[in-house]
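Below is the file my_file.csv, which contains CSV, C-alpha atoms.
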chain,number,residue,atom,x,y,z
A,1,MET,CA,-0.3,29.2,24.3
A,2,SER,CA,2.4,27.6,22.2
A,3,LYS,CA,1.8,25.7,19.0
A,4,HIS,CA,-0.1,22.4,19.2
A,5,LEU,CA,1.8,19.1,19.2
A,6,SER,CA,2.8,17.7,15.9
A,7,VAL,CA,1.9,14.1,14.9
A,8,GLU,CA,5.3,12.9,16.1
A,9,GLU,CA,5.0,14.7,19.4
A,10,LEU,CA,1.5,13.3,19.9
A,11,VAL,CA,3.0,9.8,19.5
A,12,ASP,CA,5.7,10.7,22.0
A,13,ALA,CA,3.1,12.0,24.4
A,14,LEU,CA,1.1,8.8,24.0
A,15,GLU,CA,4.2,6.7,24.8
A,16,GLY,CA,5.4,9.0,27.6
A,17,THR,CA,8.6,10.1,25.9
A,18,LEU,CA,7.6,13.7,25.2
A,19,SER,CA,10.2,16.1,26.5
A,20,GLY,CA,11.1,19.8,26.6
A,21,PRO,CA,8.7,22.7,26.4
A,22,LYS,CA,6.0,20.6,24.8
A,23,VAL,CA,5.4,18.8,28.1
A,24,ALA,CA,4.3,22.1,29.5
A,25,HIS,CA,2.1,22.7,26.5
A,26,LEU,CA,0.4,19.3,27.0
A,27,ALA,CA,-0.3,20.1,30.6
A,28,VAL,CA,-2.3,23.2,29.7
A,29,CYS,CA,-3.8,22.3,26.2
A,30,THR,CA,-7.0,20.5,26.5
A,31,SER,CA,-7.2,19.8,22.8
A,32,CYS,CA,-3.8,18.0,22.6
A,33,ARG,CA,-4.5,16.1,25.9
A,34,ASP,CA,-7.9,14.9,24.6
A,35,HIS,CA,-6.3,13.8,21.4
A,36,VAL,CA,-3.7,11.8,23.2
A,37,GLU,CA,-6.2,10.3,25.6
A,38,SER,CA,-8.5,9.3,22.8
A,39,LEU,CA,-5.8,7.2,21.2
A,40,ARG,CA,-4.6,5.5,24.4
A,41,PRO,CA,-7.5,2.9,24.7
A,42,LEU,CA,-7.0,2.0,21.0
A,43,VAL,CA,-3.5,0.8,21.8
A,44,GLY,CA,-5.0,-1.4,24.5
A,45,ASP,CA,-7.6,-2.8,22.1
A,46,VAL,CA,-4.9,-3.7,19.6
A,47,LYS,CA,-2.7,-5.3,22.3
A,48,ASP,CA,-5.7,-7.4,23.5
A,49,VAL,CA,-5.9,-9.1,20.1
A,50,GLU,CA,-4.0,-12.3,20.5
A,51,VAL,CA,-2.7,-14.8,17.9
A,52,PRO,CA,-4.1,-18.2,18.5
A,53,GLU,CA,-1.3,-20.5,19.6
A,54,PRO,CA,-0.8,-23.4,17.2
A,55,SER,CA,-0.5,-27.0,18.4
A,56,PRO,CA,2.9,-27.7,20.0
A,57,LEU,CA,3.4,-30.3,17.3
A,58,PHE,CA,3.3,-27.5,14.7
A,59,TRP,CA,6.6,-26.0,15.7
A,60,ASP,CA,8.7,-29.1,15.1
A,61,HIS,CA,6.8,-29.7,11.9
A,62,PHE,CA,7.4,-26.1,10.9
A,63,SER,CA,11.2,-26.4,11.5
A,64,ALA,CA,11.2,-29.6,9.4
A,65,ARG,CA,9.3,-27.8,6.6
A,66,VAL,CA,11.7,-24.9,6.6
A,67,ARG,CA,14.7,-27.3,6.4
A,68,GLU,CA,13.0,-29.3,3.6
A,69,ALA,CA,12.2,-26.1,1.7
A,70,VAL,CA,15.8,-24.8,2.1
A,71,LEU,CA,17.3,-28.1,0.9
A,72,SER,CA,15.0,-28.3,-2.2
A,73,ASP,CA,15.6,-24.7,-3.1
A,74,PRO,CA,19.1,-24.3,-4.6
A,75,MET,CA,21.4,-21.8,-3.0
A,76,PRO,CA,22.0,-18.9,-5.4
A,77,ALA,CA,25.6,-18.6,-6.7
A,78,PRO,CA,27.7,-15.7,-5.5
A,79,ARG,CA,27.0,-12.7,-7.6
A,80,GLN,CA,29.5,-12.2,-10.4
A,81,THR,CA,30.7,-8.7,-10.9
A,82,TRP,CA,32.8,-7.3,-13.8
A,83,LEU,CA,35.7,-7.2,-11.4
A,84,SER,CA,35.6,-11.0,-11.0
A,85,TRP,CA,35.8,-11.3,-14.8
A,86,ARG,CA,38.8,-9.0,-15.1
A,87,PRO,CA,41.6,-11.6,-14.8
A,88,LEU,CA,39.7,-13.9,-17.2
A,89,LEU,CA,39.3,-11.0,-19.6
A,90,THR,CA,43.0,-10.1,-19.4
A,91,LEU,CA,44.1,-13.7,-20.0
A,92,ALA,CA,41.7,-14.1,-23.0
A,93,THR,CA,42.9,-10.8,-24.5
A,94,SER,CA,46.5,-11.8,-24.0
A,95,LEU,CA,45.9,-15.2,-25.6
A,96,ALA,CA,44.1,-13.6,-28.5
A,97,ALA,CA,47.0,-11.2,-29.0
A,98,LEU,CA,49.4,-14.0,-28.9
A,99,VAL,CA,47.6,-16.1,-31.4
A,100,LEU,CA,47.1,-13.1,-33.7
A,101,ALA,CA,50.8,-12.2,-33.4
A,102,VAL,CA,51.9,-15.7,-34.3
A,103,ALA,CA,49.5,-15.8,-37.3
A,104,LEU,CA,50.5,-12.4,-38.6
A,105,PHE,CA,54.2,-12.5,-38.2
A,106,ARG,CA,55.0,-16.0,-39.2
A,107,PRO,CA,57.3,-16.1,-42.3
A,108,ALA,CA,55.1,-16.4,-45.4
A,109,GLN,CA,55.3,-19.7,-47.2
A,110,PRO,CA,54.9,-19.9,-51.0
A,111,PRO,CA,52.0,-22.0,-52.2
A,112,ALA,CA,52.8,-25.6,-52.9
A,113,VAL,CA,53.5,-26.2,-56.5
A,114,ASP,CA,51.6,-29.4,-56.7
A,115,ASP,CA,48.4,-27.8,-55.2
A,116,PRO,CA,47.4,-24.7,-57.1
A,117,THR,CA,44.2,-24.3,-55.1
A,118,ALA,CA,46.0,-23.9,-51.8
A,119,THR,CA,46.0,-20.3,-50.3
A,120,PRO,CA,49.0,-18.7,-48.6
A,121,ALA,CA,47.0,-18.6,-45.3
A,122,ALA,CA,46.2,-22.3,-45.5
A,123,ASN,CA,49.9,-23.0,-46.1
A,124,SER,CA,50.8,-20.8,-43.2
A,125,ILE,CA,48.6,-22.8,-40.8
A,126,ASP,CA,50.1,-26.0,-42.2
A,127,ALA,CA,53.6,-24.7,-41.6
A,128,SER,CA,52.8,-23.5,-38.1
A,129,SER,CA,51.6,-27.0,-37.2
A,130,GLN,CA,55.1,-28.3,-37.6
A,131,PRO,CA,56.7,-28.7,-34.2
A,132,GLY,CA,60.0,-27.2,-33.3
A,133,VAL,CA,59.7,-24.1,-35.4
A,134,PRO,CA,61.2,-21.3,-33.3
A,135,LEU,CA,59.4,-18.0,-32.8
A,136,ASP,CA,61.3,-15.0,-34.2
A,137,ASP,CA,62.3,-12.0,-32.2
A,138,MET,CA,59.2,-10.0,-33.2
A,139,GLN,CA,56.9,-12.7,-31.8
A,140,TRP,CA,58.8,-12.9,-28.6
A,141,HIS,CA,58.6,-9.1,-28.2
A,142,LEU,CA,54.8,-9.2,-28.7
A,143,LEU,CA,54.5,-12.0,-26.2
A,144,ILE,CA,56.6,-10.1,-23.7
A,145,ASP,CA,54.6,-7.0,-24.3
A,146,ALA,CA,51.3,-8.8,-23.8
A,147,ALA,CA,52.5,-10.5,-20.6
A,148,GLY,CA,53.9,-7.1,-19.4
A,149,ASP,CA,50.3,-5.8,-19.1
A,150,LEU,CA,49.4,-8.4,-16.5
A,151,ASP,CA,49.8,-7.4,-12.9
A,152,TRP,CA,50.6,-9.8,-10.2
A,153,SER,CA,47.0,-10.1,-8.8
A,154,ASP,CA,45.8,-11.0,-12.3
A,155,VAL,CA,48.4,-13.6,-12.7
A,156,ARG,CA,47.7,-15.0,-9.3
A,157,ASP,CA,43.9,-15.2,-10.0
A,158,VAL,CA,44.6,-17.0,-13.3
A,159,ALA,CA,47.2,-19.3,-11.8
A,160,MET,CA,44.6,-20.4,-9.2
A,161,PRO,CA,41.4,-20.3,-11.3
A,162,ARG,CA,38.0,-21.3,-10.1
A,163,LEU,CA,36.7,-24.7,-11.3
A,164,GLY,CA,35.8,-24.5,-15.0
A,165,THR,CA,37.7,-21.3,-15.8
A,166,ALA,CA,40.2,-23.0,-18.1
A,167,ASP,CA,37.5,-25.0,-19.8
A,168,ALA,CA,35.5,-21.8,-20.4
A,169,ILE,CA,38.6,-20.1,-22.0
A,170,ILE,CA,39.3,-23.1,-24.2
A,171,ASP,CA,35.7,-23.2,-25.3
A,172,GLU,CA,35.9,-19.7,-26.6
A,173,LEU,CA,38.8,-20.3,-28.9
A,174,THR,CA,38.3,-21.2,-32.5
A,175,ALA,CA,39.6,-24.5,-33.9
A,176,ALA,CA,42.6,-22.8,-35.5
A,177,GLN,CA,43.4,-21.0,-32.2
A,178,ARG,CA,43.1,-24.2,-30.3
A,179,GLU,CA,45.4,-25.9,-32.8
A,180,GLU,CA,47.9,-23.1,-32.5
A,181,LEU,CA,47.7,-23.2,-28.7
A,182,VAL,CA,48.4,-26.9,-28.7
A,183,ARG,CA,51.4,-26.4,-31.0
A,184,LEU,CA,52.8,-23.7,-28.8
A,185,LEU,CA,52.4,-25.7,-25.6
A,186,LYS,CA,54.0,-28.7,-27.2
A,187,ALA,CA,56.9,-26.5,-28.4
A,188,GLU,CA,57.2,-25.0,-24.9
A,189,ILE,CA,57.5,-28.4,-23.1
A,190,GLY,CA,59.6,-30.0,-25.9
A,191,ALA,CA,57.0,-32.7,-26.8
A,192,ASP,CA,56.7,-34.1,-30.3
B,193,MET,CA,11.2,-7.6,22.6
B,194,ARG,CA,10.2,-11.1,23.3
B,195,VAL,CA,12.3,-13.8,21.7
B,196,GLY,CA,11.0,-17.3,21.7
B,197,ALA,CA,13.0,-19.7,23.8
B,198,ASP,CA,12.3,-22.8,21.7
B,199,SER,CA,15.3,-24.8,20.7
B,200,ALA,CA,15.6,-26.9,17.6
B,201,VAL,CA,17.1,-30.3,17.0
B,202,ALA,CA,19.9,-29.9,14.6
B,203,ILE,CA,19.5,-32.9,12.3
B,204,GLY,CA,19.0,-33.7,8.7
B,205,TRP,CA,21.5,-31.4,6.9
B,206,PRO,CA,23.3,-33.3,4.2
B,207,ARG,CA,27.0,-32.8,3.8
B,208,ALA,CA,26.6,-31.2,0.4
B,209,ARG,CA,24.5,-28.5,1.8
B,210,ALA,CA,27.1,-27.8,4.5
B,211,LEU,CA,29.6,-27.3,1.7
B,212,ASP,CA,27.3,-24.9,-0.1
B,213,VAL,CA,27.1,-22.8,3.1
B,214,SER,CA,30.9,-22.9,3.7
B,215,MET,CA,31.5,-21.2,0.3
B,216,THR,CA,29.9,-18.1,1.9
B,217,ARG,CA,32.4,-18.0,4.7
B,218,PRO,CA,33.6,-14.5,5.7
B,219,GLN,CA,37.1,-13.7,6.9
B,220,ASN,CA,36.4,-13.4,10.6
B,221,GLN,CA,34.8,-16.5,12.2
B,222,ALA,CA,36.4,-16.2,15.6
B,223,ASP,CA,33.1,-15.8,17.5
B,224,ALA,CA,31.5,-19.0,16.0
B,225,PRO,CA,30.8,-21.6,18.7
B,226,ALA,CA,33.1,-24.6,18.4
B,227,ARG,CA,30.7,-27.5,19.2
B,228,THR,CA,27.1,-28.3,18.3
B,229,ASP,CA,26.1,-28.4,22.0
B,230,ASP,CA,27.2,-24.8,22.2
B,231,LEU,CA,24.8,-23.6,19.5
B,232,ASN,CA,21.7,-23.6,21.6
B,233,GLU,CA,23.5,-21.4,24.1
B,234,ALA,CA,25.1,-19.1,21.5
B,235,ASP,CA,23.7,-15.6,20.8
B,236,ASP,CA,22.3,-14.7,17.4
B,237,ARG,CA,25.6,-13.2,16.2
B,238,ALA,CA,27.5,-16.3,17.0
B,239,LEU,CA,24.9,-18.5,15.3
B,240,VAL,CA,25.2,-16.4,12.2
B,241,SER,CA,29.0,-16.8,12.3
B,242,ALA,CA,28.7,-20.6,12.8
B,243,PHE,CA,26.3,-20.8,9.9
B,244,LEU,CA,28.6,-18.8,7.6
B,245,ALA,CA,31.5,-21.0,8.8
B,246,GLY,CA,29.8,-24.0,7.2
B,247,ARG,CA,27.6,-25.3,10.0
B,248,PRO,CA,24.0,-25.3,8.6
B,249,GLU,CA,22.7,-26.8,11.9
B,250,ALA,CA,23.1,-23.3,13.3
B,251,PHE,CA,20.3,-22.2,11.1
B,252,ASP,CA,18.0,-24.7,12.8
B,253,VAL,CA,18.7,-23.0,16.1
B,254,ILE,CA,17.9,-19.6,14.5
B,255,VAL,CA,14.6,-20.9,13.2
B,256,GLY,CA,13.7,-22.4,16.5
B,257,ARG,CA,14.5,-19.2,18.3
B,258,HIS,CA,12.6,-16.9,16.1
B,259,ARG,CA,9.8,-19.0,14.5
B,260,ARG,CA,7.1,-18.0,17.0
B,261,ASN,CA,7.7,-14.2,16.6
B,262,VAL,CA,7.9,-14.5,12.8
B,263,TYR,CA,4.8,-16.7,12.7
B,264,GLN,CA,2.8,-14.3,14.9
B,265,LEU,CA,3.9,-11.3,12.7
B,266,CYS,CA,2.7,-13.2,9.6
B,267,TYR,CA,-0.5,-14.2,11.3
B,268,ARG,CA,-1.4,-10.7,12.2
B,269,PHE,CA,-1.1,-9.8,8.5
B,270,VAL,CA,-3.2,-12.6,7.1
B,271,ASN,CA,-5.4,-13.7,10.1
B,272,ASN,CA,-5.3,-17.4,9.4
B,273,HIS,CA,-3.0,-20.2,10.3
B,274,GLU,CA,-2.4,-21.8,6.9
B,275,ASP,CA,-1.2,-18.6,5.2
B,276,ALA,CA,0.7,-17.5,8.2
B,277,SER,CA,2.7,-20.7,8.4
B,278,ASP,CA,3.4,-20.5,4.6
B,279,LEU,CA,4.6,-16.9,4.9
B,280,ALA,CA,6.7,-17.7,7.9
B,281,GLN,CA,8.3,-20.5,6.0
B,282,ASP,CA,9.0,-18.2,3.1
B,283,VAL,CA,10.6,-15.7,5.6
B,284,PHE,CA,13.1,-18.3,6.8
B,285,VAL,CA,13.9,-19.6,3.3
B,286,ARG,CA,14.7,-16.0,2.3
B,287,ALA,CA,16.7,-15.6,5.4
B,288,PHE,CA,18.7,-18.7,4.7
B,289,LYS,CA,19.6,-17.4,1.2
B,290,GLY,CA,20.3,-13.9,2.4
B,291,LEU,CA,22.2,-14.7,5.6
B,292,ARG,CA,25.6,-14.2,3.9
B,293,ASN,CA,24.5,-10.6,3.3
B,294,PHE,CA,23.5,-10.0,6.9
B,295,LYS,CA,25.9,-7.3,8.1
B,296,GLY,CA,25.0,-7.5,11.8
B,297,ASP,CA,24.2,-3.7,11.9
B,298,ALA,CA,20.8,-4.5,13.3
B,299,ALA,CA,19.7,-7.4,15.5
B,300,LEU,CA,18.9,-10.6,13.8
B,301,ALA,CA,15.3,-10.4,15.0
B,302,THR,CA,15.0,-6.9,13.4
B,303,TRP,CA,16.4,-8.3,10.2
B,304,LEU,CA,13.9,-11.2,10.2
B,305,HIS,CA,11.1,-8.7,10.9
B,306,ARG,CA,12.2,-6.7,7.9
B,307,ILE,CA,12.0,-9.8,5.7
B,308,GLY,CA,8.7,-10.8,7.3
B,309,VAL,CA,7.2,-7.4,6.7
B,310,ASN,CA,8.3,-7.4,3.0
B,311,VAL,CA,7.0,-10.9,2.5
B,312,CYS,CA,3.7,-10.0,4.1
B,313,LEU,CA,3.4,-6.7,2.3
B,314,ASN,CA,4.0,-8.4,-1.0
B,315,ARG,CA,1.3,-10.9,-0.1
B,316,VAL,CA,-1.1,-8.1,1.0
B,317,ALA,CA,-0.4,-6.2,-2.2
B,318,SER,CA,-1.2,-9.3,-4.3
B,319,ARG,CA,-4.3,-10.3,-2.4
B,320,ARG,CA,-6.7,-8.6,0.0
B,321,PRO,CA,-6.1,-10.0,3.5
B,322,ASP,CA,-8.7,-12.5,4.7
B,323,THR,CA,-10.9,-11.0,7.3
B,324,GLU,CA,-11.9,-13.2,10.1
B,325,PRO,CA,-15.3,-14.8,9.6
B,326,ILE,CA,-17.8,-14.4,12.5
B,327,ASP,CA,-17.7,-18.1,13.4
B,328,ALA,CA,-13.9,-18.1,13.6
B,329,ALA,CA,-14.1,-16.5,17.0
B,330,PRO,CA,-13.4,-19.1,19.8
B,331,HIS,CA,-16.5,-20.7,21.3
B,332,VAL,CA,-17.5,-19.3,24.6
B,333,ASP,CA,-19.4,-21.5,27.1
B,334,PRO,CA,-22.6,-19.5,28.0
B,335,GLN,CA,-22.6,-21.2,31.4
B,336,ALA,CA,-19.1,-20.1,32.3
B,337,PRO,CA,-18.6,-17.3,34.8
B,338,ASP,CA,-18.2,-13.9,33.1
B,339,ALA,CA,-19.4,-15.5,29.8
B,340,LEU,CA,-20.9,-12.2,28.7
B,341,VAL,CA,-17.7,-10.3,29.3
B,342,GLU,CA,-15.8,-13.0,27.4
B,343,VAL,CA,-18.3,-12.7,24.5
B,344,LEU,CA,-18.0,-8.9,24.4
B,345,ARG,CA,-14.2,-9.2,24.5
B,346,GLU,CA,-14.2,-11.6,21.6
B,347,GLU,CA,-16.5,-9.5,19.6
B,348,ARG,CA,-14.3,-6.5,20.2
B,349,ALA,CA,-11.2,-8.5,19.1
B,350,VAL,CA,-12.9,-9.6,15.9
B,351,ALA,CA,-13.8,-5.9,15.1
B,352,VAL,CA,-10.3,-4.8,15.9
B,353,ARG,CA,-8.8,-7.5,13.7
B,354,ALA,CA,-11.1,-6.5,10.9
B,355,ALA,CA,-10.2,-2.8,11.4
B,356,ILE,CA,-6.4,-3.6,11.4
B,357,ALA,CA,-6.9,-5.7,8.2
B,358,GLY,CA,-8.4,-2.6,6.5
B,359,LEU,CA,-5.4,-0.3,7.2
B,360,PRO,CA,-3.1,0.7,4.5
B,361,PRO,CA,-0.1,-1.7,4.4
B,362,LYS,CA,2.6,0.7,5.9
B,363,GLN,CA,0.3,1.8,8.7
B,364,ARG,CA,-0.5,-1.8,9.5
B,365,ALA,CA,3.2,-2.7,9.5
B,366,ALA,CA,4.1,0.2,11.8
B,367,LEU,CA,1.2,-0.6,14.2
B,368,MET,CA,2.1,-4.3,14.4
B,369,LEU,CA,5.8,-3.9,14.8
B,370,ARG,CA,5.3,-1.2,17.5
B,371,VAL,CA,2.5,-2.8,19.5
B,372,TYR,CA,3.0,-6.6,19.0
B,373,GLN,CA,6.7,-6.9,18.3
B,374,GLU,CA,7.5,-4.0,20.6
B,375,LEU,CA,10.2,-2.6,18.3
B,376,SER,CA,11.4,0.9,18.8
B,377,HIS,CA,10.5,3.5,16.2
B,378,GLU,CA,14.2,3.4,15.1
B,379,GLU,CA,14.1,-0.4,14.7
B,380,ILE,CA,10.8,-0.2,12.8
B,381,ALA,CA,12.3,2.5,10.5
B,382,THR,CA,15.3,0.1,9.8
B,383,ALA,CA,12.9,-2.8,9.2
B,384,LEU,CA,10.7,-0.8,6.8
B,385,GLY,CA,13.5,1.1,5.2
B,386,SER,CA,11.9,4.3,6.3
B,387,THR,CA,12.5,7.2,8.6
B,388,VAL,CA,11.5,7.6,12.3
B,389,GLY,CA,9.3,10.5,11.4
B,390,ALA,CA,7.5,8.5,8.8
B,391,VAL,CA,7.1,5.5,11.1
B,392,LYS,CA,5.6,7.7,13.9
B,393,ALA,CA,3.2,9.4,11.3
B,394,ASN,CA,2.1,5.9,10.1
B,395,PHE,CA,1.6,4.7,13.6
B,396,PHE,CA,-0.4,7.8,14.5
B,397,HIS,CA,-2.6,7.6,11.4
B,398,ALA,CA,-3.1,3.9,11.9
B,399,LEU,CA,-4.6,4.6,15.4
B,400,GLY,CA,-6.8,7.4,13.9
B,401,ASN,CA,-8.1,5.1,11.2
B,402,LEU,CA,-8.7,2.3,13.7
B,403,ARG,CA,-10.7,4.7,15.8
B,404,ARG,CA,-12.9,5.7,12.8
B,405,ALA,CA,-13.4,2.1,11.7
B,406,LEU,CA,-14.3,0.9,15.2
B,407,ARG,CA,-16.8,3.7,15.6
B,408,SER,CA,-18.5,2.9,12.3
B,409,SER,CA,-18.7,-0.8,13.2
Target format structure tokens, applied to this file:
Amino acid sequence: MSKHLSVEELVDALEGTLSGPKVAHLAVCTSCRDHVESLRPLVGDVKDVEVPEPSPLFWDHFSARVREAVLSDPMPAPRQTWLSWRPLLTLATSLAALVLAVALFRPAQPPAVDDPTATPAANSIDASSQPGVPLDDMQWHLLIDAAGDLDWSDVRDVAMPRLGTADAIIDELTAAQREELVRLLKAEIGAD
Amino acid sequence: MRVGADSAVAIGWPRARALDVSMTRPQNQADAPARTDDLNEADDRALVSAFLAGRPEAFDVIVGRHRRNVYQLCYRFVNNHEDASDLAQDVFVRAFKGLRNFKGDAALATWLHRIGVNVCLNRVASRRPDTEPIDAAPHVDPQAPDALVEVLREERAVAVRAAIAGLPPKQRAALMLRVYQELSHEEIATALGSTVGAVKANFFHALGNLRRALRSS
């Protein structure tokens, strides 16, 4: 006699889906057959247990409850991945490089004679706030280099940002960086 | 598998909510029904497409179509109406939130069963299931024909419910999905995130444990 049926094969036999040589085994093995037959009425017992049917009014009430629960429970925002931050990160990095370049390579101004406490850095900021001061070649090269790292998809994403993206970038700039950004933008559009 | 034929009246969805849903719109919406009247006739896949295309009323139809099955599944886990309706509501709220992630690899009913089983198993894990009190069995008129048979049948049903409630959660889930929801072993494996072999083993051991429990009772 071949090996007895496994648990999976006993389930298959119970459900009438046993196939192959195991069918022949079941036909001659009293032990396996008794096992299967002892489980059969249990399935019937389980099937006989019914769920009480709720009132017909319950179903409409239930649908309304679901709708109400869904409306009161805010929809989760789409999950942000690091990839979705990549264009923003690239833009922020480029902006930071631009601001740094402008700050570092601006021609140094001597301290004002009438203000001995003024530092060269403070004077540099003061000088940079003057409109119409052209960028020198080094600054343009840095700007071109920074922009050269952007690929088209990044530029496109930045050019069509999600609502609040520009605000978020501006919020992250320091006061000096914002002032510099305003000056550069004004210089670019020729405004006073 | 039996799918409830109830339909739902699609009302009450504010415009803002429709916009929330439309933000989840996938690329291909070609199979979404064009008109509201068509929703009740649409298959589940088309309803999902309509929902993702920004028509939240399609979700009403999904709820109406599957609410009875989901409720019955939950009832069999908790054995009382109040908890079953709360759990069923939770299932649909989760489905609403997760529908954008529904890939359509399995039937919507199987996907809902999966959510239902997870919700119910979480509930069972946090609280022992209520067993049916003796006086919860329906009243049987002693003068009615076959009253004795009916009493015995009800007593047996109470004992079986109690025995099912005492099964380990995965065995109970496999038994319920197979016997009541009539899912195939493959569908149950998908719903439970398991394998066909494990599902069959759980089903087999559930029956064995039931037999022992009913003998002792």
How close does each residue of chain B get to chain A, giving the shortest atom pair and distance in Å to one decimal for every residue with an atom at most 8 Å away, counting only C-alpha atoms, sorted by chain and residue number, as CSV?
residue,atom,partner,partner_atom,distance
B:Ala200,CA,A:Ser63,CA,7.5
B:Trp205,CA,A:Arg67,CA,8.0
B:Arg209,CA,A:Leu71,CA,7.3
B:Asp212,CA,A:Met75,CA,7.3
B:Asp252,CA,A:Ser63,CA,7.1
B:Val255,CA,A:Ser63,CA,6.7
B:Gly256,CA,A:Ser63,CA,6.9
B:Arg259,CA,A:Trp59,CA,7.8
B:Gln264,CA,A:Val51,CA,6.3
B:Tyr267,CA,A:Val51,CA,7.0
B:Arg268,CA,A:Val51,CA,7.1
B:His273,CA,A:Pro54,CA,7.9
B:Ser277,CA,A:Phe62,CA,7.6
B:Gln281,CA,A:Val66,CA,5.6
B:Phe284,CA,A:Val66,CA,6.7
B:Val285,CA,A:Val70,CA,5.7
B:Phe288,CA,A:Val70,CA,7.2
B:Lys289,CA,A:Met75,CA,6.3
B:Arg348,CA,A:Asp45,CA,7.9
B:Ala349,CA,A:Val49,CA,5.4
B:Val352,CA,A:Val46,CA,6.6
B:Arg353,CA,A:Val49,CA,7.2
B:Val371,CA,A:Lys47,CA,6.4
B:Tyr372,CA,A:Lys47,CA,6.7
B:Gly389,CA,A:Glu8,CA,6.6
B:Lys392,CA,A:Glu8,CA,5.7
B:Ala393,CA,A:Val7,CA,6.1
B:Phe395,CA,A:Val11,CA,7.9
B:Phe396,CA,A:Val11,CA,6.4
B:Leu399,CA,A:Leu39,CA,6.5
B:Gly400,CA,A:Leu39,CA,7.4
B:Leu402,CA,A:Leu42,CA,7.5
B:Arg403,CA,A:Leu42,CA,6.9
Write out as a list in words each polymer residue whose atoms come within 12 Å of Ala175 of chain A, counting all atoms listed in the file; drop sequence neighbours fewer than 5 positions from it.
->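 Listed by chain and then number, they are Val99, Ile125, Ile170, Glu180, Leu181 and Val182 of chain A.
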Go through A:Thr17, A:His61, A:His4, A:Thr93 one by one, measure the shortest atom-to-atom distance of each to Arg33 of chain A using only C-alpha atoms, and give the residue with the smallest value.
->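 That would be A:His4, the residue with the smallest distance to Arg33 of chain A.
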